[in-house]
Amino acid sequence: MYNYCPRDGRPFREDEQICPLCDFQRTIEQSPSTRPGIPLPPRTSWRKLLYVKQDYPDNYVDDTFLEELQKNANVRHYEYWSVVLESTIISQHISSIVIFVAVFINLYLEILSSHALITIGTAGSAIGYGFWDWSNTMLTPDSNFQRRKIFKGAVLFFLTLLGLTPILKTLTEKTSEDTIWALTVILFLANLAFHDYGSGNRRNIKYPGSLSTNAAIFASVVLASRLKTNLHVFGLMSFAVQWFALFPMLRRQIRSISSRGNLALTIVLFLTATTLFSQISPAIVVIYILGMIFLTFVCPFWLIWIQRYKNEIHGPWDEARPKILHGRSFDYN
């Protein structure tokens with residue numbers, strides 16, 4: 001004899017007290033129409049396929065379901081000094097912002113002359129472009145034509161910037177000083193937050209890196225409008241374009257070529273920022289040094305320490321991801 005489930009009438013053995021088709025225990029009532037000698041219909045094995053109609057509910061799992069459970073299969077294990085070296089790109093960008101602010105303050109207080117800033121910026125751009133041209137191994141045969149094109153574009157850009165200098169100087173003339181400083185802080189924070197730290201692209205700055213560059217240039221325009229002469233405005237704006245648009249690409253180039261060169265550049269930027277701000281505000285220098293120590297040495301240790309609490313699980317409940325085996329065939333797992 002065998003029993004029938006009162007819910008859907010499917011037969012079950014007499015020793016079964018729980019209906020496998022239901023998600024909770026039910027009382028199996030014996031059907032009055034049972035006839036001895038009728039064999040129990042075979043049940044198909046359960047498969048992890050929702051699109052196939054089976055003799056099991058959708059939420060049914062067997063004992064083998066958790067055999068494919070994997071914990072922390074894709075977790076990356078970090079080494080302390082490698083993380084310290086990777087954090088230098090953040091330290092470099094923060095140091096760049098601090099250096100630019102120090103240059104503006106010295107220019108605003110007339111400690112630094114506009115002629116000296118233009119000379120330093122032009123010489124630095126020439127040296128940086130020479131290093132870029134020398135280290136770039138992907139030059140095309142028409143490199144001479146490209147050099148002439150870049151030179152013409154640079155001359156046209158600086159002439160355009162020189163013509164727009166009187167407009168930039170009077171752009172925020174009616175705006176209060178507090179609004180200017182607050183807006184500058186917000187824009188530099190946006191530049192710091194949206195900078196493309198992880199990109200390996202050495203030539204183009206893409207979104208959201210372009211948003212970071214635009215925020216820095218806008219902050220430079222706001223600051224330049226507080227300077228006294230048109231030459232001061234031109235010097236600061238030309239330096240801003242070189243510092244926030246061209247210098248990040250040079251930093252990526254150095255980072256991709258040599259880790260020692262990247263570390264040396266980080267130290268140079270750190271010492272330059274400390275030296276420039278030491279005459280402006282010793283308190284800011286102390287805060288800057290402590291922030292760099294925390295960011296470069298404490299945060300990597302913190303990241304490695306909290307890795308022990310990471311619990312990432314993978315199993316048969318994950319969505320299937322196709323894998324290309326031989327160019328055209330696919331395997332889903």
# chains A, B, ... in the order shown; residues from 1 in each chain; ligands from 1
call {"tool": "residues_around", "arguments": {"residues": "stretch 183-189 of chain A", "least_positions_apart": "5", "cutoff": "6 Å", "atoms": "only C-alpha atoms", "output": "list in words"}}
result
Ala215, Ala216 and Ala219 of chain A
call {"tool": "residues_around", "arguments": {"residues": "A:Asn262", "least_positions_apart": "4", "cutoff": "8 Å", "atoms": "only C-alpha atoms", "output": "PDB file with C-alpha atoms, in the first residue's frame"}}
result
ATOM      1  CA  THR A  88      51.989  56.744  -3.686  1.00  0.00           C
ATOM      2  CA  ARG A 251      53.172  60.707 -13.503  1.00  0.00           C
ATOM      3  CA  ILE A 254      56.934  57.397 -14.787  1.00  0.00           C
ATOM      4  CA  ARG A 255      54.881  54.918 -12.789  1.00  0.00           C
ATOM      5  CA  SER A 258      60.025  52.440 -13.028  1.00  0.00           C
ATOM      6  CA  THR A 266      56.667  60.993  -4.538  1.00  0.00           C
TER       7      THR A 266
END
call {"tool": "residues_around", "arguments": {"residues": "A:Gln242", "least_positions_apart": "2", "cutoff": "12 Å", "atoms": "only C-alpha atoms", "output": "MDAnalysis selection string"}}
result
chainID A and resid 96 100 117:118 120:129 154 157:158 213 216:217 220 235:240 244:250
call {"tool": "select_by_dssp", "arguments": {"residues": "stretch 137-316 of chain A", "states": "helix (DSSP H, G or I)", "output": "ChimeraX atom specification"}}
result
/A:143-169,177-193,209-224,230-257,259-278,282-309
